[in-house]
Amino acid sequence: MSSSTLLFVIVGRNEPLYEAEFHKRGAAASSDAATRQNYFVLHSALDLVEKTAWTTNSMYLKVVDKVNSQHVSTFLTAGNVKLMLLHNGRSEDSIRHFFQDVYELYVKLSMNPFYRYDTSIKSPEFDTRVRAVARRYLQT
């Protein structure tokens with residue numbers, strides 16, 4: 001993963017509900033092999049998220065896994081939906097604020113009567129707002 005690429009995934013009970021790659025302005029997109037590796041790192045961290053969830057009462061689990069220079073930070077909702085971010089060691093405060101704002105967006109989406117809980121999120125409005133939050137807190 002290049003230092004200019006971040007991978008964000010919302011994981012439901014059995015599958016990813018939303019995925020987004022954030023690139024710094026002017027940076028090239030990741031290669032297919034790098035993207036697959038990033039998803040592998042996030043997927044392998046899911047067991048550690050489950051394990052860490054039993055050791056704390058906090059929804060923000062901070063960094064749950066490190067692979068080389070890649071860090072996986074996680075926010076666990078009350079409904080056991082996981083918000084996961086793969087990054088290269090960003091500041092904890094900016095990541096926590098990013099997760100809190102995205103969680104608020106997710107709660108608003110889940111209150112929509114046309115959204116079925118634990119299904120793929122296809123709303124372009126949700127995607128636009130998540131990307132705006134990422135630009136604000138993660139400087140992408």
# chains A, B, ... in the order shown; residues from 1 in each chain; ligands from 1

$ closest_atom_pairs --of "segment 60-102 of chain A" --to "segment 49-55 of chain A" --cutoff "10 Å" --atoms "only C-alpha atoms" --output "JSON lines"
{"residue": "A:Tyr60", "atom": "CA", "partner": "A:Ala53", "partner_atom": "CA", "distance": 9.4}
{"residue": "A:Leu61", "atom": "CA", "partner": "A:Thr52", "partner_atom": "CA", "distance": 7.2}
{"residue": "A:Lys62", "atom": "CA", "partner": "A:Thr52", "partner_atom": "CA", "distance": 9.8}
{"residue": "A:Val63", "atom": "CA", "partner": "A:Val49", "partner_atom": "CA", "distance": 9.5}
{"residue": "A:Val64", "atom": "CA", "partner": "A:Val49", "partner_atom": "CA", "distance": 6.3}
{"residue": "A:Asp65", "atom": "CA", "partner": "A:Val49", "partner_atom": "CA", "distance": 8.6}
{"residue": "A:Val72", "atom": "CA", "partner": "A:Val49", "partner_atom": "CA", "distance": 9.6}
{"residue": "A:Ser73", "atom": "CA", "partner": "A:Val49", "partner_atom": "CA", "distance": 9.2}
{"residue": "A:Thr74", "atom": "CA", "partner": "A:Val49", "partner_atom": "CA", "distance": 7.3}
{"residue": "A:Phe75", "atom": "CA", "partner": "A:Val49", "partner_atom": "CA", "distance": 9.1}
{"residue": "A:Leu76", "atom": "CA", "partner": "A:Ala53", "partner_atom": "CA", "distance": 7.7}
{"residue": "A:Asn80", "atom": "CA", "partner": "A:Glu50", "partner_atom": "CA", "distance": 9.4}
{"residue": "A:Lys82", "atom": "CA", "partner": "A:Val49", "partner_atom": "CA", "distance": 8.4}
{"residue": "A:Met84", "atom": "CA", "partner": "A:Val49", "partner_atom": "CA", "distance": 9.4}

$ residues_around --residues "segment 123-139 of chain A" --least-positions-apart "4" --cutoff "9 Å" --atoms "only C-alpha atoms" --output "number ranges by chain"
A: 6, 18, 20, 22, 24, 90-91, 93-95, 97-98, 101-102, 105-106, 109

$ write_last_selection --atoms "all heavy atoms" --output "short mmCIF file (atom, residue, chain, number, x, y, z; two decimals), in the first residue's frame"
data_model
loop_
_atom_site.label_atom_id
_atom_site.label_comp_id
_atom_site.auth_asym_id
_atom_site.auth_seq_id
_atom_site.Cartn_x
_atom_site.Cartn_y
_atom_site.Cartn_z
N LEU A 6 -5.62 4.90 1.43
CA LEU A 6 -6.27 4.37 2.63
C LEU A 6 -7.42 3.50 2.17
O LEU A 6 -8.08 3.80 1.17
CB LEU A 6 -6.81 5.50 3.50
CG LEU A 6 -5.84 6.57 3.95
CD1 LEU A 6 -6.58 7.74 4.55
CD2 LEU A 6 -4.88 5.99 4.96
N TYR A 18 -19.87 -1.88 2.70
CA TYR A 18 -19.43 -0.68 1.99
C TYR A 18 -17.91 -0.72 1.92
O TYR A 18 -17.25 -1.13 2.88
CB TYR A 18 -19.89 0.58 2.74
CG TYR A 18 -19.35 1.87 2.19
CD1 TYR A 18 -19.92 2.46 1.08
CD2 TYR A 18 -18.24 2.48 2.77
CE1 TYR A 18 -19.41 3.64 0.56
CE2 TYR A 18 -17.73 3.65 2.27
CZ TYR A 18 -18.32 4.24 1.16
OH TYR A 18 -17.81 5.40 0.66
N ALA A 20 -14.41 1.64 0.35
CA ALA A 20 -13.93 2.85 -0.30
C ALA A 20 -12.41 2.93 -0.17
O ALA A 20 -11.85 2.62 0.88
CB ALA A 20 -14.55 4.10 0.32
N PHE A 22 -9.35 5.66 -0.51
CA PHE A 22 -9.09 7.09 -0.54
C PHE A 22 -7.66 7.33 -0.99
O PHE A 22 -6.74 6.73 -0.45
CB PHE A 22 -9.29 7.72 0.86
CG PHE A 22 -10.63 7.39 1.49
CD1 PHE A 22 -10.69 6.74 2.70
CD2 PHE A 22 -11.82 7.73 0.86
CE1 PHE A 22 -11.90 6.44 3.30
CE2 PHE A 22 -13.04 7.44 1.44
CZ PHE A 22 -13.07 6.80 2.67
N LYS A 24 -4.63 10.33 -2.02
CA LYS A 24 -4.27 11.75 -1.96
C LYS A 24 -4.48 12.36 -3.33
O LYS A 24 -4.36 11.68 -4.34
CB LYS A 24 -2.81 11.91 -1.53
CG LYS A 24 -2.60 11.69 -0.07
CD LYS A 24 -1.40 12.48 0.39
CE LYS A 24 -1.19 12.19 1.85
NZ LYS A 24 -1.45 13.30 2.68
N ARG A 90 -1.70 6.83 10.92
CA ARG A 90 -2.27 8.18 11.07
C ARG A 90 -2.48 8.49 12.55
O ARG A 90 -2.43 7.61 13.41
CB ARG A 90 -3.62 8.27 10.35
CG ARG A 90 -3.58 7.94 8.90
CD ARG A 90 -3.17 9.15 8.13
NE ARG A 90 -2.97 8.80 6.73
CZ ARG A 90 -3.15 9.64 5.76
NH1 ARG A 90 -3.53 10.86 6.01
NH2 ARG A 90 -2.91 9.28 4.52
N SER A 91 -2.80 9.75 12.85
CA SER A 91 -3.01 10.15 14.24
C SER A 91 -4.30 9.52 14.77
O SER A 91 -5.31 9.45 14.08
CB SER A 91 -3.05 11.67 14.36
OG SER A 91 -4.34 12.15 14.48
N ASP A 93 -6.36 10.62 17.01
CA ASP A 93 -7.48 11.57 17.12
C ASP A 93 -8.21 11.74 15.80
O ASP A 93 -9.44 11.73 15.76
CB ASP A 93 -6.99 12.93 17.62
CG ASP A 93 -6.71 12.94 19.10
OD1 ASP A 93 -7.25 12.06 19.81
OD2 ASP A 93 -5.96 13.82 19.55
N SER A 94 -7.47 11.89 14.71
CA SER A 94 -8.14 12.08 13.42
C SER A 94 -8.91 10.82 13.01
O SER A 94 -10.00 10.92 12.46
CB SER A 94 -7.13 12.48 12.34
OG SER A 94 -6.19 11.46 12.13
N ILE A 95 -8.36 9.66 13.29
CA ILE A 95 -9.06 8.42 12.96
C ILE A 95 -10.31 8.25 13.82
O ILE A 95 -11.37 7.88 13.32
CB ILE A 95 -8.12 7.21 13.12
CG1 ILE A 95 -7.03 7.27 12.05
CG2 ILE A 95 -8.88 5.89 13.03
CD1 ILE A 95 -5.93 6.27 12.21
N HIS A 97 -12.14 10.65 15.16
CA HIS A 97 -13.14 11.61 14.66
C HIS A 97 -13.75 11.13 13.34
O HIS A 97 -14.95 11.27 13.12
CB HIS A 97 -12.54 12.99 14.49
CG HIS A 97 -12.21 13.66 15.79
ND1 HIS A 97 -13.15 13.93 16.76
CD2 HIS A 97 -11.04 14.11 16.28
CE1 HIS A 97 -12.57 14.51 17.79
NE2 HIS A 97 -11.28 14.63 17.53
N PHE A 98 -12.91 10.57 12.48
CA PHE A 98 -13.40 10.02 11.21
C PHE A 98 -14.43 8.92 11.49
O PHE A 98 -15.53 8.93 10.93
CB PHE A 98 -12.23 9.46 10.39
CG PHE A 98 -12.66 8.63 9.21
CD1 PHE A 98 -13.17 9.22 8.07
CD2 PHE A 98 -12.55 7.25 9.25
CE1 PHE A 98 -13.58 8.45 6.99
CE2 PHE A 98 -12.95 6.47 8.18
CZ PHE A 98 -13.46 7.08 7.04
N ASP A 101 -17.81 10.31 12.90
CA ASP A 101 -18.64 10.96 11.88
C ASP A 101 -19.24 9.93 10.92
O ASP A 101 -20.41 10.04 10.54
CB ASP A 101 -17.84 12.01 11.11
CG ASP A 101 -17.67 13.30 11.88
OD1 ASP A 101 -17.98 13.32 13.10
OD2 ASP A 101 -17.23 14.29 11.28
N VAL A 102 -18.46 8.93 10.53
CA VAL A 102 -19.00 7.89 9.63
C VAL A 102 -20.05 7.06 10.37
O VAL A 102 -21.07 6.68 9.78
CB VAL A 102 -17.87 7.00 9.07
CG1 VAL A 102 -18.45 5.82 8.30
CG2 VAL A 102 -16.96 7.81 8.17
N LEU A 105 -23.21 8.89 10.18
CA LEU A 105 -23.80 8.72 8.86
C LEU A 105 -24.46 7.35 8.72
O LEU A 105 -25.54 7.21 8.14
CB LEU A 105 -22.74 8.89 7.76
CG LEU A 105 -22.15 10.28 7.58
CD1 LEU A 105 -20.98 10.23 6.59
CD2 LEU A 105 -23.21 11.26 7.13
N TYR A 106 -23.80 6.32 9.24
CA TYR A 106 -24.33 4.96 9.17
C TYR A 106 -25.63 4.83 9.98
O TYR A 106 -26.59 4.19 9.53
CB TYR A 106 -23.30 3.94 9.66
CG TYR A 106 -23.83 2.53 9.64
CD1 TYR A 106 -23.98 1.84 8.43
CD2 TYR A 106 -24.21 1.90 10.81
CE1 TYR A 106 -24.49 0.55 8.41
CE2 TYR A 106 -24.73 0.62 10.79
CZ TYR A 106 -24.86 -0.05 9.59
OH TYR A 106 -25.38 -1.31 9.57
N LEU A 109 -28.36 6.40 8.01
CA LEU A 109 -28.74 5.51 6.91
C LEU A 109 -29.58 4.35 7.41
O LEU A 109 -30.59 3.99 6.80
CB LEU A 109 -27.49 4.97 6.21
CG LEU A 109 -27.74 3.91 5.15
CD1 LEU A 109 -28.23 4.57 3.86
CD2 LEU A 109 -26.50 3.10 4.89
#

$ residues_around --residues "Glu19 of chain A" --least-positions-apart "2" --cutoff "10 Å" --atoms "only C-alpha atoms" --output "list in words"
Leu7, Phe8, Val9, Ile10, Val11, Pro16, Leu17, Glu21, Tyr39, Leu83, Met84, Ser120, Ile121 and Asp127 of chain A

$ write_last_selection --atoms "N, CA, C and O atoms" --output "mmCIF file, in the first residue's frame"
data_model
loop_
_atom_site.group_PDB
_atom_site.id
_atom_site.type_symbol
_atom_site.label_atom_id
_atom_site.label_comp_id
_atom_site.auth_asym_id
_atom_site.auth_seq_id
_atom_site.Cartn_x
_atom_site.Cartn_y
_atom_site.Cartn_z
ATOM 1 N N LEU A 7 -7.687 2.424 2.870
ATOM 2 C CA LEU A 7 -8.804 1.544 2.533
ATOM 3 C C LEU A 7 -9.762 1.525 3.713
ATOM 4 O O LEU A 7 -9.355 1.260 4.844
ATOM 5 N N PHE A 8 -11.034 1.819 3.435
ATOM 6 C CA PHE A 8 -12.067 1.842 4.463
ATOM 7 C C PHE A 8 -13.151 0.844 4.092
ATOM 8 O O PHE A 8 -13.613 0.804 2.947
ATOM 9 N N VAL A 9 -13.559 0.016 5.058
ATOM 10 C CA VAL A 9 -14.578 -0.994 4.821
ATOM 11 C C VAL A 9 -15.541 -1.020 6.009
ATOM 12 O O VAL A 9 -15.118 -0.922 7.164
ATOM 13 N N ILE A 10 -16.830 -1.145 5.704
ATOM 14 C CA ILE A 10 -17.835 -1.409 6.731
ATOM 15 C C ILE A 10 -18.229 -2.869 6.559
ATOM 16 O O ILE A 10 -18.651 -3.280 5.474
ATOM 17 N N VAL A 11 -18.054 -3.657 7.615
ATOM 18 C CA VAL A 11 -18.306 -5.096 7.552
ATOM 19 C C VAL A 11 -19.510 -5.421 8.429
ATOM 20 O O VAL A 11 -19.536 -5.082 9.612
ATOM 21 N N PRO A 16 -18.857 -7.614 3.535
ATOM 22 C CA PRO A 16 -18.660 -6.158 3.511
ATOM 23 C C PRO A 16 -19.938 -5.464 3.038
ATOM 24 O O PRO A 16 -20.592 -5.904 2.094
ATOM 25 N N LEU A 17 -20.283 -4.367 3.709
ATOM 26 C CA LEU A 17 -21.465 -3.597 3.337
ATOM 27 C C LEU A 17 -21.086 -2.388 2.486
ATOM 28 O O LEU A 17 -21.877 -1.932 1.662
ATOM 29 N N GLU A 21 -11.767 3.313 -1.272
ATOM 30 C CA GLU A 21 -10.335 3.607 -1.263
ATOM 31 C C GLU A 21 -10.190 5.110 -1.365
ATOM 32 O O GLU A 21 -10.834 5.744 -2.190
ATOM 33 N N TYR A 39 -6.988 -5.782 1.036
ATOM 34 C CA TYR A 39 -8.193 -6.485 1.479
ATOM 35 C C TYR A 39 -7.837 -7.717 2.311
ATOM 36 O O TYR A 39 -8.529 -8.045 3.277
ATOM 37 N N LEU A 83 -16.432 -0.939 11.453
ATOM 38 C CA LEU A 83 -15.884 0.074 10.568
ATOM 39 C C LEU A 83 -14.377 -0.077 10.653
ATOM 40 O O LEU A 83 -13.794 0.086 11.736
ATOM 41 N N MET A 84 -13.727 -0.430 9.538
ATOM 42 C CA MET A 84 -12.297 -0.743 9.550
ATOM 43 C C MET A 84 -11.553 0.156 8.574
ATOM 44 O O MET A 84 -12.007 0.375 7.452
ATOM 45 N N SER A 120 -25.870 -4.473 1.574
ATOM 46 C CA SER A 120 -24.887 -3.622 0.909
ATOM 47 C C SER A 120 -25.380 -2.176 0.819
ATOM 48 O O SER A 120 -26.556 -1.928 0.544
ATOM 49 N N ILE A 121 -24.471 -1.240 1.040
ATOM 50 C CA ILE A 121 -24.811 0.187 0.986
ATOM 51 C C ILE A 121 -24.461 0.696 -0.405
ATOM 52 O O ILE A 121 -23.283 0.767 -0.769
ATOM 53 N N ASP A 127 -21.868 7.579 0.016
ATOM 54 C CA ASP A 127 -20.484 7.542 -0.475
ATOM 55 C C ASP A 127 -19.884 8.944 -0.527
ATOM 56 O O ASP A 127 -18.751 9.155 -0.076
#

$ closest_residue --among "A:Thr5, A:Ser31, A:Gln37, A:Gln100" --to "Met59 of chain A" --atoms "only C-alpha atoms"
A:Gln100

$ closest_residue --among "A:Glu92, A:Val81, A:Val67, A:Glu104" --to "Phe40 of chain A" --atoms "only C-alpha atoms"
A:Val67

$ closest_residue --among "A:Lys122, A:Asp32, A:Val41, A:Ser69" --to "Leu85 of chain A" --atoms "only C-alpha atoms"
A:Val41

$ select_by_dssp --residues "chain A" --states "strand (DSSP E or B)" --output "compact mmCIF listing (two decimals) with all heavy atoms, in the first residue's frame"
# COMPACT_ATOMS: atom_id res chain seq x y z
N THR A 5 -2.60 5.99 -0.02
CA THR A 5 -3.84 5.23 -0.17
C THR A 5 -4.32 4.70 1.18
O THR A 5 -3.55 4.14 1.94
CB THR A 5 -3.64 4.04 -1.13
OG1 THR A 5 -3.19 4.53 -2.38
CG2 THR A 5 -4.93 3.28 -1.32
N LEU A 6 -5.62 4.90 1.43
CA LEU A 6 -6.27 4.37 2.63
C LEU A 6 -7.42 3.50 2.17
O LEU A 6 -8.08 3.80 1.17
CB LEU A 6 -6.81 5.50 3.50
CG LEU A 6 -5.84 6.57 3.95
CD1 LEU A 6 -6.58 7.74 4.55
CD2 LEU A 6 -4.88 5.99 4.96
N LEU A 7 -7.69 2.42 2.87
CA LEU A 7 -8.80 1.54 2.53
C LEU A 7 -9.76 1.52 3.71
O LEU A 7 -9.36 1.26 4.84
CB LEU A 7 -8.29 0.14 2.23
CG LEU A 7 -9.35 -0.91 1.88
CD1 LEU A 7 -10.12 -0.51 0.62
CD2 LEU A 7 -8.69 -2.27 1.68
N PHE A 8 -11.03 1.82 3.43
CA PHE A 8 -12.07 1.84 4.46
C PHE A 8 -13.15 0.84 4.09
O PHE A 8 -13.61 0.80 2.95
CB PHE A 8 -12.67 3.25 4.59
CG PHE A 8 -13.84 3.32 5.52
CD1 PHE A 8 -13.68 3.10 6.87
CD2 PHE A 8 -15.10 3.61 5.04
CE1 PHE A 8 -14.75 3.15 7.73
CE2 PHE A 8 -16.18 3.67 5.88
CZ PHE A 8 -16.01 3.45 7.24
N VAL A 9 -13.56 0.02 5.06
CA VAL A 9 -14.58 -0.99 4.82
C VAL A 9 -15.54 -1.02 6.01
O VAL A 9 -15.12 -0.92 7.16
CB VAL A 9 -13.95 -2.40 4.64
CG1 VAL A 9 -15.01 -3.46 4.44
CG2 VAL A 9 -12.97 -2.41 3.49
N ILE A 10 -16.83 -1.15 5.70
CA ILE A 10 -17.83 -1.41 6.73
C ILE A 10 -18.23 -2.87 6.56
O ILE A 10 -18.65 -3.28 5.47
CB ILE A 10 -19.06 -0.49 6.59
CG1 ILE A 10 -18.66 0.97 6.76
CG2 ILE A 10 -20.14 -0.87 7.61
CD1 ILE A 10 -19.79 1.96 6.54
N VAL A 11 -18.05 -3.66 7.61
CA VAL A 11 -18.31 -5.10 7.55
C VAL A 11 -19.51 -5.42 8.43
O VAL A 11 -19.54 -5.08 9.61
CB VAL A 11 -17.08 -5.90 8.03
CG1 VAL A 11 -17.36 -7.39 7.95
CG2 VAL A 11 -15.84 -5.52 7.24
N PRO A 16 -18.86 -7.61 3.53
CA PRO A 16 -18.66 -6.16 3.51
C PRO A 16 -19.94 -5.46 3.04
O PRO A 16 -20.59 -5.90 2.09
CB PRO A 16 -17.54 -5.96 2.50
CG PRO A 16 -16.92 -7.29 2.30
CD PRO A 16 -17.96 -8.30 2.63
N LEU A 17 -20.28 -4.37 3.71
CA LEU A 17 -21.47 -3.60 3.34
C LEU A 17 -21.09 -2.39 2.49
O LEU A 17 -21.88 -1.93 1.66
CB LEU A 17 -22.20 -3.12 4.59
CG LEU A 17 -22.58 -4.18 5.61
CD1 LEU A 17 -23.29 -3.54 6.80
CD2 LEU A 17 -23.45 -5.24 4.97
N TYR A 18 -19.87 -1.88 2.70
CA TYR A 18 -19.43 -0.68 1.99
C TYR A 18 -17.91 -0.72 1.92
O TYR A 18 -17.25 -1.13 2.88
CB TYR A 18 -19.89 0.58 2.74
CG TYR A 18 -19.35 1.87 2.19
CD1 TYR A 18 -19.92 2.46 1.08
CD2 TYR A 18 -18.24 2.48 2.77
CE1 TYR A 18 -19.41 3.64 0.56
CE2 TYR A 18 -17.73 3.65 2.27
CZ TYR A 18 -18.32 4.24 1.16
OH TYR A 18 -17.81 5.40 0.66
N GLU A 19 -17.35 -0.28 0.79
CA GLU A 19 -15.90 -0.25 0.62
C GLU A 19 -15.52 1.05 -0.08
O GLU A 19 -16.22 1.49 -0.99
CB GLU A 19 -15.43 -1.43 -0.25
CG GLU A 19 -15.82 -2.78 0.30
CD GLU A 19 -15.58 -3.90 -0.70
OE1 GLU A 19 -15.23 -3.62 -1.86
OE2 GLU A 19 -15.75 -5.06 -0.31
N ALA A 20 -14.41 1.64 0.35
CA ALA A 20 -13.93 2.85 -0.30
C ALA A 20 -12.41 2.93 -0.17
O ALA A 20 -11.85 2.62 0.88
CB ALA A 20 -14.55 4.10 0.32
N GLU A 21 -11.77 3.31 -1.27
CA GLU A 21 -10.34 3.61 -1.26
C GLU A 21 -10.19 5.11 -1.37
O GLU A 21 -10.83 5.74 -2.19
CB GLU A 21 -9.65 2.95 -2.47
CG GLU A 21 -8.99 1.66 -2.16
CD GLU A 21 -8.11 1.16 -3.30
OE1 GLU A 21 -7.31 1.94 -3.85
OE2 GLU A 21 -8.25 -0.02 -3.63
N PHE A 22 -9.35 5.66 -0.51
CA PHE A 22 -9.09 7.09 -0.54
C PHE A 22 -7.66 7.33 -0.99
O PHE A 22 -6.74 6.73 -0.45
CB PHE A 22 -9.29 7.72 0.86
CG PHE A 22 -10.63 7.39 1.49
CD1 PHE A 22 -10.69 6.74 2.70
CD2 PHE A 22 -11.82 7.73 0.86
CE1 PHE A 22 -11.90 6.44 3.30
CE2 PHE A 22 -13.04 7.44 1.44
CZ PHE A 22 -13.07 6.80 2.67
N HIS A 23 -7.49 8.20 -1.98
CA HIS A 23 -6.17 8.54 -2.50
C HIS A 23 -5.90 10.01 -2.27
O HIS A 23 -6.81 10.82 -2.32
CB HIS A 23 -6.09 8.25 -4.01
CG HIS A 23 -6.49 6.87 -4.38
ND1 HIS A 23 -5.65 5.80 -4.25
CD2 HIS A 23 -7.65 6.37 -4.88
CE1 HIS A 23 -6.26 4.71 -4.65
NE2 HIS A 23 -7.48 5.02 -5.03
N TYR A 60 -14.50 2.36 19.98
CA TYR A 60 -13.30 2.59 19.18
C TYR A 60 -12.20 1.69 19.70
O TYR A 60 -11.70 1.86 20.81
CB TYR A 60 -12.90 4.07 19.25
CG TYR A 60 -11.62 4.39 18.52
CD1 TYR A 60 -11.41 3.96 17.21
CD2 TYR A 60 -10.63 5.14 19.12
CE1 TYR A 60 -10.25 4.26 16.54
CE2 TYR A 60 -9.46 5.45 18.45
CZ TYR A 60 -9.28 5.01 17.17
OH TYR A 60 -8.12 5.30 16.49
N LEU A 61 -11.81 0.71 18.90
CA LEU A 61 -10.84 -0.29 19.34
C LEU A 61 -9.40 0.09 19.04
O LEU A 61 -8.48 -0.67 19.33
CB LEU A 61 -11.15 -1.64 18.69
CG LEU A 61 -12.56 -2.19 18.93
CD1 LEU A 61 -12.74 -3.52 18.21
CD2 LEU A 61 -12.87 -2.31 20.40
N LYS A 62 -9.19 1.24 18.43
CA LYS A 62 -7.86 1.72 18.03
C LYS A 62 -7.22 0.76 17.05
O LYS A 62 -7.91 0.13 16.26
CB LYS A 62 -6.97 1.97 19.24
CG LYS A 62 -7.54 3.01 20.19
CD LYS A 62 -6.60 3.29 21.32
CE LYS A 62 -7.23 4.32 22.25
NZ LYS A 62 -6.40 4.60 23.38
N VAL A 63 -5.90 0.64 17.08
CA VAL A 63 -5.19 -0.25 16.14
C VAL A 63 -5.28 -1.68 16.67
O VAL A 63 -4.81 -1.97 17.76
CB VAL A 63 -3.71 0.18 15.99
CG1 VAL A 63 -2.95 -0.81 15.13
CG2 VAL A 63 -3.62 1.57 15.37
N VAL A 64 -5.90 -2.55 15.88
CA VAL A 64 -6.06 -3.95 16.30
C VAL A 64 -5.03 -4.86 15.64
O VAL A 64 -4.83 -5.98 16.09
CB VAL A 64 -7.48 -4.48 16.01
CG1 VAL A 64 -8.51 -3.76 16.86
CG2 VAL A 64 -7.82 -4.39 14.54
N ASP A 65 -4.39 -4.40 14.56
CA ASP A 65 -3.42 -5.23 13.85
C ASP A 65 -2.43 -4.33 13.12
O ASP A 65 -2.79 -3.24 12.68
CB ASP A 65 -4.13 -6.15 12.86
CG ASP A 65 -3.24 -7.27 12.35
OD1 ASP A 65 -2.15 -7.50 12.92
OD2 ASP A 65 -3.64 -7.94 11.37
N LYS A 66 -1.20 -4.82 13.03
CA LYS A 66 -0.14 -4.14 12.27
C LYS A 66 0.54 -5.17 11.39
O LYS A 66 0.94 -6.22 11.86
CB LYS A 66 0.90 -3.52 13.20
CG LYS A 66 0.39 -2.40 14.06
CD LYS A 66 1.48 -1.87 14.96
CE LYS A 66 0.91 -0.84 15.92
NZ LYS A 66 1.91 -0.37 16.86
N VAL A 67 0.65 -4.86 10.11
CA VAL A 67 1.36 -5.72 9.17
C VAL A 67 2.33 -4.81 8.41
O VAL A 67 1.90 -3.93 7.68
CB VAL A 67 0.39 -6.41 8.18
CG1 VAL A 67 1.15 -7.23 7.16
CG2 VAL A 67 -0.61 -7.26 8.94
N GLN A 70 1.56 -1.17 7.73
CA GLN A 70 0.12 -0.99 7.63
C GLN A 70 -0.54 -1.23 8.99
O GLN A 70 -0.22 -2.20 9.67
CB GLN A 70 -0.47 -1.95 6.60
CG GLN A 70 0.07 -1.75 5.21
CD GLN A 70 -0.39 -2.84 4.27
OE1 GLN A 70 -0.45 -4.01 4.64
NE2 GLN A 70 -0.74 -2.45 3.05
N HIS A 71 -1.47 -0.35 9.34
CA HIS A 71 -2.20 -0.45 10.60
C HIS A 71 -3.68 -0.61 10.29
O HIS A 71 -4.19 0.04 9.38
CB HIS A 71 -2.01 0.81 11.45
CG HIS A 71 -0.59 1.09 11.79
ND1 HIS A 71 -0.16 1.20 13.09
CD2 HIS A 71 0.51 1.30 11.03
CE1 HIS A 71 1.14 1.46 13.09
NE2 HIS A 71 1.55 1.52 11.85
N VAL A 72 -4.35 -1.44 11.07
CA VAL A 72 -5.80 -1.61 10.93
C VAL A 72 -6.45 -1.06 12.19
O VAL A 72 -6.26 -1.59 13.28
CB VAL A 72 -6.19 -3.10 10.75
CG1 VAL A 72 -7.71 -3.23 10.66
CG2 VAL A 72 -5.51 -3.69 9.53
N SER A 73 -7.22 0.02 12.02
CA SER A 73 -7.98 0.60 13.13
C SER A 73 -9.44 0.23 12.94
O SER A 73 -9.92 0.14 11.81
CB SER A 73 -7.84 2.12 13.15
OG SER A 73 -6.51 2.50 13.43
N THR A 74 -10.14 0.01 14.06
CA THR A 74 -11.51 -0.47 13.98
C THR A 74 -12.41 0.24 14.97
O THR A 74 -12.00 0.57 16.08
CB THR A 74 -11.56 -1.99 14.26
OG1 THR A 74 -10.69 -2.65 13.36
CG2 THR A 74 -12.96 -2.55 14.12
N PHE A 75 -13.65 0.45 14.54
CA PHE A 75 -14.72 0.99 15.36
C PHE A 75 -15.84 -0.04 15.30
O PHE A 75 -16.29 -0.41 14.21
CB PHE A 75 -15.18 2.34 14.79
CG PHE A 75 -16.19 3.07 15.63
CD1 PHE A 75 -15.79 4.02 16.54
CD2 PHE A 75 -17.54 2.82 15.47
CE1 PHE A 75 -16.72 4.72 17.30
CE2 PHE A 75 -18.48 3.50 16.21
CZ PHE A 75 -18.07 4.46 17.14
N LEU A 76 -16.30 -0.51 16.44
CA LEU A 76 -17.32 -1.56 16.51
C LEU A 76 -18.62 -0.95 17.00
O LEU A 76 -18.67 -0.37 18.08
CB LEU A 76 -16.85 -2.66 17.46
CG LEU A 76 -17.67 -3.92 17.54
CD1 LEU A 76 -17.68 -4.65 16.19
CD2 LEU A 76 -17.09 -4.83 18.61
N LYS A 82 -18.67 -3.57 11.89
CA LYS A 82 -17.29 -3.12 12.06
C LYS A 82 -16.93 -2.08 11.01
O LYS A 82 -17.10 -2.33 9.82
CB LYS A 82 -16.35 -4.32 11.95
CG LYS A 82 -16.58 -5.36 13.01
CD LYS A 82 -16.17 -6.73 12.50
CE LYS A 82 -16.81 -7.83 13.27
NZ LYS A 82 -18.19 -8.09 12.89
N LEU A 83 -16.43 -0.94 11.45
CA LEU A 83 -15.88 0.07 10.57
C LEU A 83 -14.38 -0.08 10.65
O LEU A 83 -13.79 0.09 11.74
CB LEU A 83 -16.30 1.48 11.01
CG LEU A 83 -17.73 1.93 10.73
CD1 LEU A 83 -18.75 1.10 11.46
CD2 LEU A 83 -17.89 3.39 11.06
N MET A 84 -13.73 -0.43 9.54
CA MET A 84 -12.30 -0.74 9.55
C MET A 84 -11.55 0.16 8.57
O MET A 84 -12.01 0.37 7.45
CB MET A 84 -12.08 -2.21 9.20
CG MET A 84 -12.80 -3.16 10.13
SD MET A 84 -12.63 -4.90 9.66
CE MET A 84 -10.92 -5.18 10.14
N LEU A 85 -10.40 0.65 9.01
CA LEU A 85 -9.57 1.53 8.19
C LEU A 85 -8.15 1.00 8.16
O LEU A 85 -7.54 0.78 9.21
CB LEU A 85 -9.58 2.96 8.76
CG LEU A 85 -8.76 3.99 8.00
CD1 LEU A 85 -9.37 4.28 6.63
CD2 LEU A 85 -8.66 5.28 8.81
N LEU A 86 -7.63 0.79 6.95
CA LEU A 86 -6.24 0.38 6.76
C LEU A 86 -5.45 1.63 6.41
O LEU A 86 -5.77 2.33 5.45
CB LEU A 86 -6.15 -0.65 5.63
CG LEU A 86 -4.77 -1.21 5.34
CD1 LEU A 86 -4.29 -2.07 6.49
CD2 LEU A 86 -4.78 -2.01 4.05
N HIS A 87 -4.42 1.92 7.20
CA HIS A 87 -3.66 3.16 7.03
C HIS A 87 -2.20 2.92 7.40
O HIS A 87 -1.82 1.85 7.84
CB HIS A 87 -4.26 4.28 7.88
CG HIS A 87 -4.33 3.95 9.34
ND1 HIS A 87 -3.34 4.29 10.22
CD2 HIS A 87 -5.26 3.29 10.06
CE1 HIS A 87 -3.66 3.87 11.44
NE2 HIS A 87 -4.82 3.25 11.37

$ select_by_dssp --residues "chain A" --states "helix (DSSP H, G or I)" --output "PyMOL selection string"
chain A and resi 32-53+92-110+124-138
